[in-house]
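**Q** File follows, work_13.txt with compact mmCIF, C-alpha atoms:
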```
# COMPACT_ATOMS: atom_id res chain seq x y z
CA MET Q 1 89.29 9.97 -53.05
CA ARG Q 2 92.75 10.45 -51.51
CA LEU Q 3 93.37 13.17 -48.93
CA SER Q 4 96.64 15.03 -48.60
CA ARG Q 5 98.55 14.73 -45.34
CA SER Q 6 97.70 18.33 -44.48
CA ARG Q 7 93.96 17.75 -44.99
CA ILE Q 8 94.12 14.54 -42.95
CA GLY Q 9 95.81 16.52 -40.19
CA VAL Q 10 93.05 19.12 -40.25
CA VAL Q 11 90.36 16.43 -40.09
CA VAL Q 12 92.07 14.70 -37.16
CA LEU Q 13 92.57 18.00 -35.33
CA PHE Q 14 88.90 18.92 -35.83
CA GLY Q 15 87.84 15.53 -34.48
CA VAL Q 16 90.03 15.89 -31.41
CA MET Q 17 88.70 19.40 -30.75
CA THR Q 18 85.10 18.15 -31.08
CA LEU Q 19 85.72 15.34 -28.60
CA THR Q 20 87.41 17.75 -26.21
CA LEU Q 21 84.52 20.21 -26.30
CA THR Q 22 82.03 17.39 -25.84
CA ALA Q 23 83.95 16.03 -22.87
CA LEU Q 24 84.15 19.49 -21.33
CA ALA Q 25 80.41 19.90 -21.47
CA PHE Q 26 79.54 16.44 -20.21
CA PRO Q 27 78.06 16.78 -16.73
CA ALA Q 28 80.09 14.65 -14.38
CA VAL Q 29 77.59 14.06 -11.63
CA LEU Q 30 77.07 10.55 -10.43
CA GLY Q 31 74.05 8.93 -12.00
CA LEU Q 32 73.74 10.76 -15.32
CA ASP Q 33 75.82 8.10 -16.99
CA LYS Q 34 74.57 4.59 -16.25
CA ALA Q 35 76.08 3.60 -12.94
CA GLU Q 36 77.53 0.17 -12.35
CA GLY Q 37 75.20 -2.45 -10.92
CA ASP Q 38 71.45 -2.88 -10.89
CA GLN Q 39 69.92 0.55 -10.34
CA ASP Q 40 66.58 -1.02 -9.37
CA ARG Q 41 68.14 -3.14 -6.63
CA VAL Q 42 66.86 -2.29 -3.15
CA ILE Q 43 69.82 -1.54 -0.89
CA ALA Q 44 67.93 -0.54 2.27
CA ALA Q 45 64.47 -0.88 3.79
CA THR Q 46 63.68 2.43 5.48
CA ARG Q 47 60.56 3.70 7.25
CA PHE Q 48 60.16 6.07 4.29
CA GLY Q 49 60.02 3.23 1.79
CA PRO Q 50 62.60 1.06 0.00
CA LEU Q 51 65.81 2.75 -1.12
CA THR Q 52 67.27 1.63 -4.45
CA GLU Q 53 70.71 2.22 -5.89
CA ALA Q 54 69.17 4.79 -8.23
CA ASP Q 55 67.63 6.61 -5.25
CA ARG Q 56 70.94 6.74 -3.42
CA ASP Q 57 72.83 7.90 -6.51
CA PHE Q 58 70.26 10.63 -7.06
CA VAL Q 59 70.77 12.08 -3.57
CA VAL Q 60 74.53 11.97 -4.07
CA LYS Q 61 74.42 13.66 -7.46
CA VAL Q 62 72.16 16.46 -6.20
CA ARG Q 63 74.64 17.11 -3.41
CA ALA Q 64 77.60 16.93 -5.82
CA ALA Q 65 75.97 19.40 -8.22
CA GLY Q 66 75.76 21.98 -5.44
CA LEU Q 67 79.41 21.52 -4.51
CA TRP Q 68 80.51 23.10 -7.80
CA GLU Q 69 77.50 25.15 -8.93
CA TYR Q 70 77.12 27.01 -5.62
CA PRO Q 71 80.69 28.43 -5.63
CA LEU Q 72 80.45 29.07 -9.37
CA GLY Q 73 77.21 30.95 -8.72
CA GLU Q 74 79.04 33.14 -6.21
CA THR Q 75 81.71 33.86 -8.81
CA VAL Q 76 79.05 34.71 -11.41
CA MET Q 77 77.46 37.12 -8.92
CA GLU Q 78 80.81 38.90 -8.60
CA ARG Q 79 82.14 38.75 -12.16
CA GLY Q 80 79.06 38.52 -14.38
CA SER Q 81 79.07 41.40 -16.83
CA SER Q 82 75.32 41.95 -17.00
CA PRO Q 83 72.37 42.14 -14.57
CA ALA Q 84 70.99 38.91 -16.10
CA MET Q 85 74.26 37.11 -15.36
CA ARG Q 86 74.34 38.32 -11.78
CA THR Q 87 70.71 37.29 -11.33
CA ALA Q 88 71.56 33.82 -12.63
CA GLY Q 89 74.37 33.62 -10.08
CA GLU Q 90 71.98 34.50 -7.26
CA HIS Q 91 69.53 31.82 -8.33
CA LEU Q 92 72.30 29.20 -8.47
CA VAL Q 93 73.45 30.05 -4.96
CA VAL Q 94 69.99 30.16 -3.39
CA GLY Q 95 68.73 27.10 -5.23
CA HIS Q 96 71.66 24.88 -4.34
CA ALA Q 97 71.67 26.04 -0.73
CA GLY Q 98 68.08 24.81 -0.50
CA LEU Q 99 68.80 21.51 -2.19
CA ASP Q 100 71.87 21.00 -0.05
CA ALA Q 101 69.88 21.57 3.13
CA MET Q 102 67.42 18.86 2.10
CA CYS Q 103 70.20 16.44 1.13
CA ARG Q 104 71.83 16.90 4.53
CA GLU Q 105 68.49 16.47 6.25
CA ILE Q 106 67.45 13.22 4.56
CA SER Q 107 70.82 11.49 4.13
CA PRO Q 108 71.13 10.33 7.80
CA GLU Q 109 67.56 8.99 7.65
CA LEU Q 110 68.43 6.97 4.56
CA GLY Q 111 71.96 5.93 5.56
CA ILE Q 112 73.57 7.81 2.67
CA THR Q 113 77.09 9.22 2.93
CA LEU Q 114 77.39 12.57 1.18
CA PRO Q 115 80.54 13.79 -0.58
CA ASN Q 116 82.25 17.00 0.54
CA ARG Q 117 83.95 17.62 -2.79
CA ALA Q 118 82.71 17.73 -6.35
CA SER Q 119 84.08 15.25 -8.87
CA PRO Q 120 87.41 16.00 -10.60
CA GLN Q 121 85.56 16.92 -13.80
CA GLN Q 122 83.13 19.19 -11.99
CA GLU Q 123 86.06 20.99 -10.38
CA GLY Q 124 87.47 21.26 -13.90
CA PHE Q 125 84.29 23.01 -15.03
CA VAL Q 126 84.81 25.67 -12.36
CA ALA Q 127 88.47 26.10 -13.26
CA THR Q 128 87.61 26.42 -16.96
CA VAL Q 129 85.09 29.20 -16.32
CA GLU Q 130 87.18 31.06 -13.77
CA ALA Q 131 90.14 31.18 -16.19
CA LYS Q 132 88.11 33.32 -18.61
CA SER Q 133 87.06 36.96 -18.43
CA GLY Q 134 84.45 39.32 -19.82
CA ARG Q 135 81.98 37.90 -22.30
CA GLU Q 136 83.96 34.65 -22.58
CA PHE Q 137 83.48 34.14 -18.85
CA ASP Q 138 79.75 34.75 -19.18
CA SER Q 139 79.33 32.48 -22.20
CA SER Q 140 81.41 29.65 -20.77
CA ALA Q 141 79.56 29.69 -17.44
CA VAL Q 142 76.12 29.82 -19.06
CA ASN Q 143 76.66 27.09 -21.63
CA ILE Q 144 78.44 24.61 -19.37
CA MET Q 145 75.72 24.95 -16.75
CA ARG Q 146 72.93 24.87 -19.33
CA VAL Q 147 74.26 21.52 -20.55
CA THR Q 148 74.56 20.07 -17.05
CA HIS Q 149 71.09 21.26 -16.06
CA GLY Q 150 69.61 20.02 -19.33
CA GLN Q 151 71.01 16.55 -18.78
CA ILE Q 152 69.96 16.21 -15.15
CA PHE Q 153 66.40 17.42 -15.84
CA PRO Q 154 65.14 14.13 -17.37
CA ALA Q 155 67.03 12.17 -14.69
CA ILE Q 156 65.00 14.01 -12.03
CA ALA Q 157 61.76 13.16 -13.83
CA LYS Q 158 62.70 9.48 -13.99
CA ILE Q 159 63.45 9.31 -10.26
CA ARG Q 160 60.25 11.20 -9.43
CA ALA Q 161 58.22 8.77 -11.53
CA THR Q 162 59.78 5.57 -10.21
CA THR Q 163 60.98 5.99 -6.61
CA LYS Q 164 59.00 4.37 -3.80
CA ASN Q 165 60.82 6.38 -1.13
CA THR Q 166 58.93 9.43 0.14
CA LEU Q 167 62.08 11.40 1.09
CA VAL Q 168 63.66 10.85 -2.32
CA ARG Q 169 60.36 11.88 -3.90
CA GLN Q 170 60.38 15.15 -1.93
CA LEU Q 171 63.96 15.85 -3.01
CA ALA Q 172 63.01 15.17 -6.64
CA ASP Q 173 60.12 17.64 -6.35
CA LEU Q 174 62.44 20.37 -5.07
CA ALA Q 175 65.16 19.51 -7.59
CA ASN Q 176 62.68 19.67 -10.47
CA ASP Q 177 61.56 23.19 -9.52
CA THR Q 178 65.10 24.38 -8.82
CA VAL Q 179 66.65 23.01 -12.01
CA LEU Q 180 63.82 24.42 -14.12
CA ASP Q 181 64.40 27.80 -12.46
CA HIS Q 182 68.12 27.60 -13.20
CA ILE Q 183 67.53 26.65 -16.82
CA THR Q 184 65.17 29.61 -17.13
CA VAL Q 185 67.53 32.23 -15.69
CA LEU Q 186 70.46 30.89 -17.72
CA GLU Q 187 68.39 31.24 -20.90
CA LYS Q 188 67.39 34.77 -19.95
CA THR Q 189 71.05 35.82 -20.28
CA GLY Q 190 70.68 35.44 -24.05
CA LEU Q 191 73.98 33.52 -24.20
CA VAL Q 192 72.78 29.92 -24.58
CA GLU Q 193 74.10 28.37 -27.80
CA TYR Q 194 71.22 25.96 -28.31
CA ASP Q 195 72.63 23.88 -31.18
CA LYS Q 196 75.82 23.14 -29.27
CA VAL Q 197 73.97 22.60 -26.01
CA VAL Q 198 71.55 20.08 -27.54
CA PHE Q 199 74.40 18.21 -29.24
CA GLN Q 200 76.41 18.04 -26.04
CA GLN Q 201 73.40 16.93 -24.01
CA THR Q 202 72.54 14.07 -26.36
CA GLY Q 203 76.03 12.91 -27.31
CA PRO Q 204 78.11 12.97 -24.14
CA ALA Q 205 81.65 11.66 -24.10
CA LYS Q 206 82.34 8.74 -21.79
CA LEU Q 207 84.71 9.43 -18.95
CA PRO Q 208 86.58 7.18 -16.52
CA ARG Q 209 84.39 6.67 -13.46
CA GLU Q 210 87.01 8.15 -11.15
CA LYS Q 211 86.80 11.44 -13.06
CA ALA Q 212 83.01 11.57 -12.92
CA THR Q 213 82.50 10.49 -9.31
CA PRO Q 214 82.91 12.76 -6.27
CA PRO Q 215 85.42 11.36 -3.78
CA PRO Q 216 84.01 10.02 -0.50
CA PRO Q 217 84.67 12.05 2.67
CA GLN Q 218 87.54 11.11 4.94
CA PRO Q 219 86.72 9.31 8.20
CA GLY Q 220 85.57 11.85 10.79
CA GLU Q 221 85.32 14.67 8.23
CA ARG Q 222 82.54 17.14 8.99
CA VAL Q 223 79.78 17.55 6.43
CA LEU Q 224 80.34 20.70 4.39
CA VAL Q 225 77.40 23.11 4.57
CA LEU Q 226 76.47 25.33 1.64
CA LYS Q 227 75.56 28.54 3.43
CA PRO Q 228 71.94 29.69 3.09
CA ARG Q 229 71.57 33.21 1.68
CA PRO Q 230 68.42 34.80 3.11
CA ASP Q 231 69.96 38.15 2.16
CA LEU Q 232 69.23 37.35 -1.49
CA ASN Q 233 65.60 38.01 -2.34
CA VAL Q 234 65.31 35.14 -4.80
CA ASN Q 235 62.57 32.56 -5.34
CA THR Q 236 63.78 29.40 -7.06
CA SER Q 237 60.66 27.29 -6.57
CA SER Q 238 58.47 28.84 -9.27
CA PRO Q 239 60.48 30.14 -12.24
CA THR Q 240 59.09 33.05 -14.22
CA PRO Q 241 59.18 32.12 -17.91
CA ALA Q 242 60.64 34.44 -20.49
CA PRO Q 243 58.03 36.35 -22.52
CA SER Q 244 56.79 34.45 -25.54
CA PRO Q 245 58.10 35.78 -28.89
CA ALA Q 246 54.49 35.63 -30.07
CA ALA Q 247 53.29 37.94 -27.30
CA PRO Q 248 52.21 41.39 -28.49
```
Could I get this structure in the form of structure tokens?

**A**
Amino acid sequence: MRLSRSRIGVVVLFGVMTLTLTALAFPAVLGLDKAEGDQDRVIAATRFGPLTEADRDFVVKVRAAGLWEYPLGETVMERGSSPAMRTAGEHLVVGHAGLDAMCREISPELGITLPNRASPQQEGFVATVEAKSGREFDSSAVNIMRVTHGQIFPAIAKIRATTKNTLVRQLADLANDTVLDHITVLEKTGLVEYDKVVFQQTGPAKLPREKATPPPPQPGERVLVLKPRPDLNVNTSSPTPAPSPAAP
């Protein structure tokens, strides 16, 4: 069957749009895509157990996630158009402040250098959301973060199941609880587009490594601290599930 030039153009345009949307939703935190090298290779012998490349990349990606989700959470707190959105923002801020504190605590013990900036694509996520307003702002923020959290969730489980380092194991425990909490509050907004989210989680677009990797800090640069927020009465360690549709 022969297609007209106009129909071919429509098909090509649709394909480009699909790839663009998939790339936008792909979480660019180090370690979700298969990193270069042998991830099982031991790179340091510490008093807390051997440290592998996968362990190191996990600590870095948890830190990098906070560098864009914490400020985006603050923006959601300010601009979210519903109580559920503002609650989600609070949980993002509190959760990533806690994870960041642990990353900063264990990284010197493990000899890991933490980034002070998110990756170029992660910064693009923030810019994409902040450029929108109203319901589009809400929907964009929720669905981008639901994809990123959905993809990192199994990565946390894999590290927790395989690491021999006690500090990395403790970080994985906290990350598991925090990410599950964030997934839960994002879903409670009622804005998650599950079909698109599942597709984007399972069929991510490949990106150049320099786009998906946070830049290293400059020599002598102070470690950025994500400010704790004890003023927010939020518990991110034990998420409250949404009521079951089958409940009376």

**Q** Which one is closest to Ala157 in chain Q: Q:Ala45, Q:Met77, Q:Leu171, Q:Cys103? Count only C-alpha atoms.

**A**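 Selected residue with least distance to Ala157 in chain Q: Q:Leu171.
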
**Q** At a cut-off of 12 Å, using only C-alpha atoms, what residues contact Val225 in chain Q? Leave out same-chain residues fewer than 6 positions from it and give the result as a ChimeraX atom specification.

**A** /Q:63,66-67,70-71,96-105,114-117

**Q** So that I can see what lies close to Thr166 in chain Q, please list as a tab-separated table (two decimals) with C-alpha atoms, in the frame of the given file the residues with an atom at most 12 Å from it, counting all atoms listed in the file and leaving out residues fewer than 6 positions away in the same chain.

**A**
```tsv
chain	number	residue	atom	x	y	z
Q	46	THR	CA	63.68	2.43	5.48
Q	47	ARG	CA	60.56	3.70	7.25
Q	48	PHE	CA	60.16	6.07	4.29
Q	49	GLY	CA	60.02	3.23	1.79
Q	50	PRO	CA	62.60	1.06	0.00
Q	51	LEU	CA	65.81	2.75	-1.12
Q	55	ASP	CA	67.63	6.61	-5.25
Q	106	ILE	CA	67.45	13.22	4.56
Q	109	GLU	CA	67.56	8.99	7.65
Q	110	LEU	CA	68.43	6.97	4.56
Q	159	ILE	CA	63.45	9.31	-10.26
Q	160	ARG	CA	60.25	11.20	-9.43
Q	172	ALA	CA	63.01	15.17	-6.64
Q	173	ASP	CA	60.12	17.64	-6.35
```

**Q** Find the residues near Asp177 in chain Q: any atom within 10 Å, counting all atoms listed in the file, skip ones fewer than 3 places away on the same chain, and give them as a PDB file with C-alpha atoms, in the coordinates of the input.

**A**
```
ATOM      1  CA  GLY Q  95      68.730  27.100  -5.230  1.00  0.00           C
ATOM      2  CA  PHE Q 153      66.400  17.420 -15.840  1.00  0.00           C
ATOM      3  CA  ALA Q 172      63.010  15.170  -6.640  1.00  0.00           C
ATOM      4  CA  ASP Q 173      60.120  17.640  -6.350  1.00  0.00           C
ATOM      5  CA  LEU Q 174      62.440  20.370  -5.070  1.00  0.00           C
ATOM      6  CA  LEU Q 180      63.820  24.420 -14.120  1.00  0.00           C
ATOM      7  CA  ASP Q 181      64.400  27.800 -12.460  1.00  0.00           C
ATOM      8  CA  HIS Q 182      68.120  27.600 -13.200  1.00  0.00           C
ATOM      9  CA  THR Q 236      63.780  29.400  -7.060  1.00  0.00           C
ATOM     10  CA  SER Q 237      60.660  27.290  -6.570  1.00  0.00           C
ATOM     11  CA  SER Q 238      58.470  28.840  -9.270  1.00  0.00           C
ATOM     12  CA  PRO Q 239      60.480  30.140 -12.240  1.00  0.00           C
TER      13      PRO Q 239
END
```

**Q** Measure the distance from CA of Glu123 in chain Q to CA of Asn143 in chain Q in Å and round it to one decimal.

**A** 15.9 Å

**Q** Can you work out the spacing between CA of Glu78 in chain Q and CA of Glu90 in chain Q in Å, to one decimal?

**A**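 Pair CA of Glu78 in chain Q / CA of Glu90 in chain Q returns 10.0 Å.
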
**Q** Could you check how far CA of Lys132 in chain Q sits from CA of Pro230 in chain Q, in Å to one decimal?

**A**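 Distance between the two atoms: 29.4 Å.
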
**Q** Nearest residue to Val42 in chain Q out of Q:Phe58, Q:Val179, Q:Asn165, Q:Pro83, using all atoms listed in the file?

**A**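 Once distances to Val42 in chain Q are computed over all atoms listed in the file, the minimum belongs to Q:Asn165.
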
**Q** So, with all atoms listed in the file as the atoms that count, which of Q:Pro228, Q:Gly80, Q:Pro154, Q:Gly89 lies closest to Ser139 in chain Q?

**A**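 Between Q:Pro228, Q:Gly80, Q:Pro154, Q:Gly89, the residue approaching Ser139 in chain Q most closely is Q:Gly80.
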
**Q** As AutoDock Vina command-line options, what would the box around range 146-157 of chain Q look like: edges along x, y and z, 4 Å added on every side, centre and edge lengths in Å to one decimal?

**A**
```
--center_x 68.2 --center_y 18.5 --center_z -16.3 --size_x 20.8 --size_y 20.7 --size_z 16.5
```

**Q** Dump as a Markdown table the rows for residues of range 84-171 of chain Q within 9 Å of range 185-206 of chain Q: closest atom pair and distance in Å with one decimal, all atoms listed in the file counted, ordered by chain and rising residue number.

**A**
```
| residue | atom | partner | partner_atom | distance |
| --- | --- | --- | --- | --- |
| Q:Ala84 | CA | Q:Thr189 | CA | 5.2 |
| Q:Met85 | CA | Q:Thr189 | CA | 6.0 |
| Q:Thr87 | CA | Q:Val185 | CA | 7.4 |
| Q:Ala88 | CA | Q:Val185 | CA | 5.3 |
| Q:Gly89 | CA | Q:Val185 | CA | 9.0 |
| Q:His91 | CA | Q:Val185 | CA | 7.6 |
| Q:Asp138 | CA | Q:Leu191 | CA | 7.7 |
| Q:Ser139 | CA | Q:Leu191 | CA | 5.8 |
| Q:Val142 | CA | Q:Leu186 | CA | 5.9 |
| Q:Asn143 | CA | Q:Val192 | CA | 5.6 |
| Q:Ile144 | CA | Q:Val197 | CA | 8.3 |
| Q:Met145 | CA | Q:Leu186 | CA | 8.0 |
| Q:Arg146 | CA | Q:Leu186 | CA | 6.7 |
| Q:Val147 | CA | Q:Val197 | CA | 5.6 |
| Q:Thr148 | CA | Q:Gln201 | CA | 7.7 |
| Q:Gly150 | CA | Q:Gln201 | CA | 6.8 |
| Q:Gln151 | CA | Q:Gln201 | CA | 5.8 |
```

**Q** How would range 210-221 of chain Q read, as a PDB file, in the frame of the given file, once all heavy atoms are built in?

**A**
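Final output, rebuild_13.pdb:
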```pdb
ATOM      1  N   GLU Q 210      86.354   7.381 -12.204  1.00  0.00           N
ATOM      2  CA  GLU Q 210      87.010   8.150 -11.150  1.00  0.00           C
ATOM      3  C   GLU Q 210      87.006   9.652 -11.440  1.00  0.00           C
ATOM      4  O   GLU Q 210      87.108  10.471 -10.524  1.00  0.00           O
ATOM      5  CB  GLU Q 210      88.444   7.669 -10.922  1.00  0.00           C
ATOM      6  CG  GLU Q 210      89.385   7.833 -12.107  1.00  0.00           C
ATOM      7  CD  GLU Q 210      89.366   6.642 -13.058  1.00  0.00           C
ATOM      8  OE1 GLU Q 210      88.423   5.815 -12.964  1.00  0.00           O
ATOM      9  OE2 GLU Q 210      90.296   6.547 -13.884  1.00  0.00           O
ATOM     10  N   LYS Q 211      86.875  10.024 -12.701  1.00  0.00           N
ATOM     11  CA  LYS Q 211      86.800  11.440 -13.060  1.00  0.00           C
ATOM     12  C   LYS Q 211      85.401  11.998 -12.850  1.00  0.00           C
ATOM     13  O   LYS Q 211      85.226  13.189 -12.606  1.00  0.00           O
ATOM     14  CB  LYS Q 211      87.204  11.637 -14.528  1.00  0.00           C
ATOM     15  CG  LYS Q 211      88.640  11.257 -14.844  1.00  0.00           C
ATOM     16  CD  LYS Q 211      89.625  12.224 -14.226  1.00  0.00           C
ATOM     17  CE  LYS Q 211      91.043  11.914 -14.678  1.00  0.00           C
ATOM     18  NZ  LYS Q 211      92.032  12.823 -14.030  1.00  0.00           N
ATOM     19  N   ALA Q 212      84.404  11.127 -12.958  1.00  0.00           N
ATOM     20  CA  ALA Q 212      83.010  11.570 -12.920  1.00  0.00           C
ATOM     21  C   ALA Q 212      82.343  11.354 -11.561  1.00  0.00           C
ATOM     22  O   ALA Q 212      81.174  11.675 -11.398  1.00  0.00           O
ATOM     23  CB  ALA Q 212      82.209  10.852 -13.994  1.00  0.00           C
ATOM     24  N   THR Q 213      83.080  10.825 -10.610  1.00  0.00           N
ATOM     25  CA  THR Q 213      82.500  10.490  -9.310  1.00  0.00           C
ATOM     26  C   THR Q 213      83.126  11.333  -8.214  1.00  0.00           C
ATOM     27  O   THR Q 213      84.358  11.391  -8.108  1.00  0.00           O
ATOM     28  CB  THR Q 213      82.719   9.001  -8.987  1.00  0.00           C
ATOM     29  OG1 THR Q 213      82.189   8.200 -10.046  1.00  0.00           O
ATOM     30  CG2 THR Q 213      82.033   8.618  -7.680  1.00  0.00           C
ATOM     31  N   PRO Q 214      82.333  11.995  -7.382  1.00  0.00           N
ATOM     32  CA  PRO Q 214      82.910  12.760  -6.270  1.00  0.00           C
ATOM     33  C   PRO Q 214      83.578  11.844  -5.270  1.00  0.00           C
ATOM     34  O   PRO Q 214      83.064  10.760  -4.981  1.00  0.00           O
ATOM     35  CB  PRO Q 214      81.691  13.463  -5.660  1.00  0.00           C
ATOM     36  CG  PRO Q 214      80.508  12.667  -6.092  1.00  0.00           C
ATOM     37  CD  PRO Q 214      80.862  12.083  -7.421  1.00  0.00           C
ATOM     38  N   PRO Q 215      84.727  12.231  -4.739  1.00  0.00           N
ATOM     39  CA  PRO Q 215      85.420  11.360  -3.780  1.00  0.00           C
ATOM     40  C   PRO Q 215      84.652  11.286  -2.464  1.00  0.00           C
ATOM     41  O   PRO Q 215      84.004  12.253  -2.053  1.00  0.00           O
ATOM     42  CB  PRO Q 215      86.771  12.061  -3.591  1.00  0.00           C
ATOM     43  CG  PRO Q 215      86.500  13.495  -3.906  1.00  0.00           C
ATOM     44  CD  PRO Q 215      85.454  13.487  -4.982  1.00  0.00           C
ATOM     45  N   PRO Q 216      84.700  10.138  -1.785  1.00  0.00           N
ATOM     46  CA  PRO Q 216      84.010  10.020  -0.500  1.00  0.00           C
ATOM     47  C   PRO Q 216      84.728  10.856   0.565  1.00  0.00           C
ATOM     48  O   PRO Q 216      85.926  11.125   0.453  1.00  0.00           O
ATOM     49  CB  PRO Q 216      84.114   8.526  -0.184  1.00  0.00           C
ATOM     50  CG  PRO Q 216      85.340   8.069  -0.909  1.00  0.00           C
ATOM     51  CD  PRO Q 216      85.394   8.899  -2.160  1.00  0.00           C
ATOM     52  N   PRO Q 217      84.022  11.278   1.600  1.00  0.00           N
ATOM     53  CA  PRO Q 217      84.670  12.050   2.670  1.00  0.00           C
ATOM     54  C   PRO Q 217      85.629  11.183   3.468  1.00  0.00           C
ATOM     55  O   PRO Q 217      85.491   9.960   3.508  1.00  0.00           O
ATOM     56  CB  PRO Q 217      83.489  12.509   3.528  1.00  0.00           C
ATOM     57  CG  PRO Q 217      82.428  11.477   3.283  1.00  0.00           C
ATOM     58  CD  PRO Q 217      82.590  11.052   1.861  1.00  0.00           C
ATOM     59  N   GLN Q 218      86.595  11.829   4.090  1.00  0.00           N
ATOM     60  CA  GLN Q 218      87.540  11.110   4.940  1.00  0.00           C
ATOM     61  C   GLN Q 218      86.859  10.744   6.260  1.00  0.00           C
ATOM     62  O   GLN Q 218      85.909  11.412   6.683  1.00  0.00           O
ATOM     63  CB  GLN Q 218      88.770  11.980   5.207  1.00  0.00           C
ATOM     64  CG  GLN Q 218      89.576  12.315   3.967  1.00  0.00           C
ATOM     65  CD  GLN Q 218      90.127  11.075   3.303  1.00  0.00           C
ATOM     66  OE1 GLN Q 218      90.712  10.201   3.960  1.00  0.00           O
ATOM     67  NE2 GLN Q 218      89.927  10.967   1.990  1.00  0.00           N
ATOM     68  N   PRO Q 219      87.307   9.680   6.917  1.00  0.00           N
ATOM     69  CA  PRO Q 219      86.720   9.310   8.200  1.00  0.00           C
ATOM     70  C   PRO Q 219      86.765  10.469   9.203  1.00  0.00           C
ATOM     71  O   PRO Q 219      87.809  11.102   9.381  1.00  0.00           O
ATOM     72  CB  PRO Q 219      87.600   8.147   8.676  1.00  0.00           C
ATOM     73  CG  PRO Q 219      88.155   7.565   7.412  1.00  0.00           C
ATOM     74  CD  PRO Q 219      88.347   8.730   6.490  1.00  0.00           C
ATOM     75  N   GLY Q 220      85.636  10.774   9.807  1.00  0.00           N
ATOM     76  CA  GLY Q 220      85.570  11.850  10.790  1.00  0.00           C
ATOM     77  C   GLY Q 220      85.444  13.240  10.202  1.00  0.00           C
ATOM     78  O   GLY Q 220      85.335  14.226  10.943  1.00  0.00           O
ATOM     79  N   GLU Q 221      85.429  13.352   8.872  1.00  0.00           N
ATOM     80  CA  GLU Q 221      85.320  14.670   8.230  1.00  0.00           C
ATOM     81  C   GLU Q 221      83.923  15.240   8.412  1.00  0.00           C
ATOM     82  O   GLU Q 221      82.923  14.547   8.221  1.00  0.00           O
ATOM     83  CB  GLU Q 221      85.638  14.530   6.733  1.00  0.00           C
ATOM     84  CG  GLU Q 221      85.672  15.840   5.969  1.00  0.00           C
ATOM     85  CD  GLU Q 221      86.027  15.625   4.510  1.00  0.00           C
ATOM     86  OE1 GLU Q 221      86.425  14.498   4.140  1.00  0.00           O
ATOM     87  OE2 GLU Q 221      85.903  16.588   3.730  1.00  0.00           O
TER      88      GLU Q 221
END
```
